[in-house]
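*Asks:* Pasting a structure below so you can have a look.
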Amino acid sequence: MQANCPKPGDDDAQDNPALSKIIERNIRTIIQLRRKAALNRGLQDRAADAITSFSGSMVFIYLHVAWFSTWVLLNTGRFGVHAFDPFPYGLLTMVVSLEAIFLSALVLITQNRMTEEVEQRADLALHIGLLTEHELTRVLQMLDAVQEKLGVENHEASELADLEMETRPEDVLAEIARLQHTALCKQAF
């Protein structure tokens, strides 16, 4: 553990006065959900993540530069070692090709898992966004009723009537698709 890390359970002790309690609670919830997801990963997923993480580091690059340099130097025959893989280094090519195949598969495994997590978060964000939109529409409708009851007149140019309409996601997606199709057709001509 690093010296700057708080002890387990100390995360509540250092509240940030610039953030509301609700924001701090939400941050902690997100971190707990991510920890739970990490703990629920199987051994194979954790191994794939670790290997992918290492293979995406500069240490990995440095080790490969050292490995390739040593391999080439040893196979020149100048250091008292019989060239076991002379130029064009067929054995090295095979080993590196196998490594690339496995690394590619591990990267894809990690990406697939991350894509699932991103899709879950996107579904949650969409659900919350739709719920928020529904709640705000209802609040606007209630405010309009209160305004009418108090005899406060709406301006004709007000967007309130538009904002009070329920937004149906399928209608929004259909309109986006229609406009994108129209834009693509215009580009084609």
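Chain labels A, B, ... are given in the sequence in which chains occur in the structure tokens; within each chain residues are numbered consecutively from 1, and ligands are likewise numbered from 1 in the order shown.
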Got a sec: who's within 10 Å of Arg138 (chain A), counting only C-alpha atoms, leaving out chain neighbours fewer than 3 positions off, as number ranges by chain?
*Replies:* A: 132-135, 141-144, 163-166
*Asks:* For Phe87 (chain A), which residue out of A:Trp71, A:Ile27, A:Arg113, A:Glu99 is the nearest one, using only C-alpha atoms?
*Replies:*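 Of all the options, A:Trp71 lies closest to Phe87 (chain A).
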*Asks:* If you run DSSP on the backbone, which residues of chain A are alpha helix (DSSP H), as a PyMOL selection string?
*Replies:* chain A and resi 21-40+43-55+58-74+90-150+160-163+169-188
*Asks:* Env of region 37-40 of chain A: 10 Å cut, atoms = only C-alpha atoms, seq-sep filter 6 positions within chain, self excluded. Answer as a PyMOL selection string.
*Replies:* chain A and resi 31+46+117
*Asks:* So what do you get for CA of Ser104 (chain A) versus CA of Thr52 (chain A), distance-wise?
*Replies:*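 Atom-to-atom, CA of Ser104 (chain A) and CA of Thr52 (chain A) are spaced 9.0 Å apart.
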*Asks:* Please determine, counting only C-alpha atoms, which residue among A:Leu130, A:Ile109, A:Ala174, A:Ala125 has the shortest atom-to-atom distance to Ala47 (chain A).
*Replies:*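 For Ala47 (chain A), the nearest of the given residues is A:Ile109.
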*Asks:* When you draw a straight line from CA of Gly77 (chain A) to CA of Tyr89 (chain A), how long is it in Å?
*Replies:* 13.1 Å
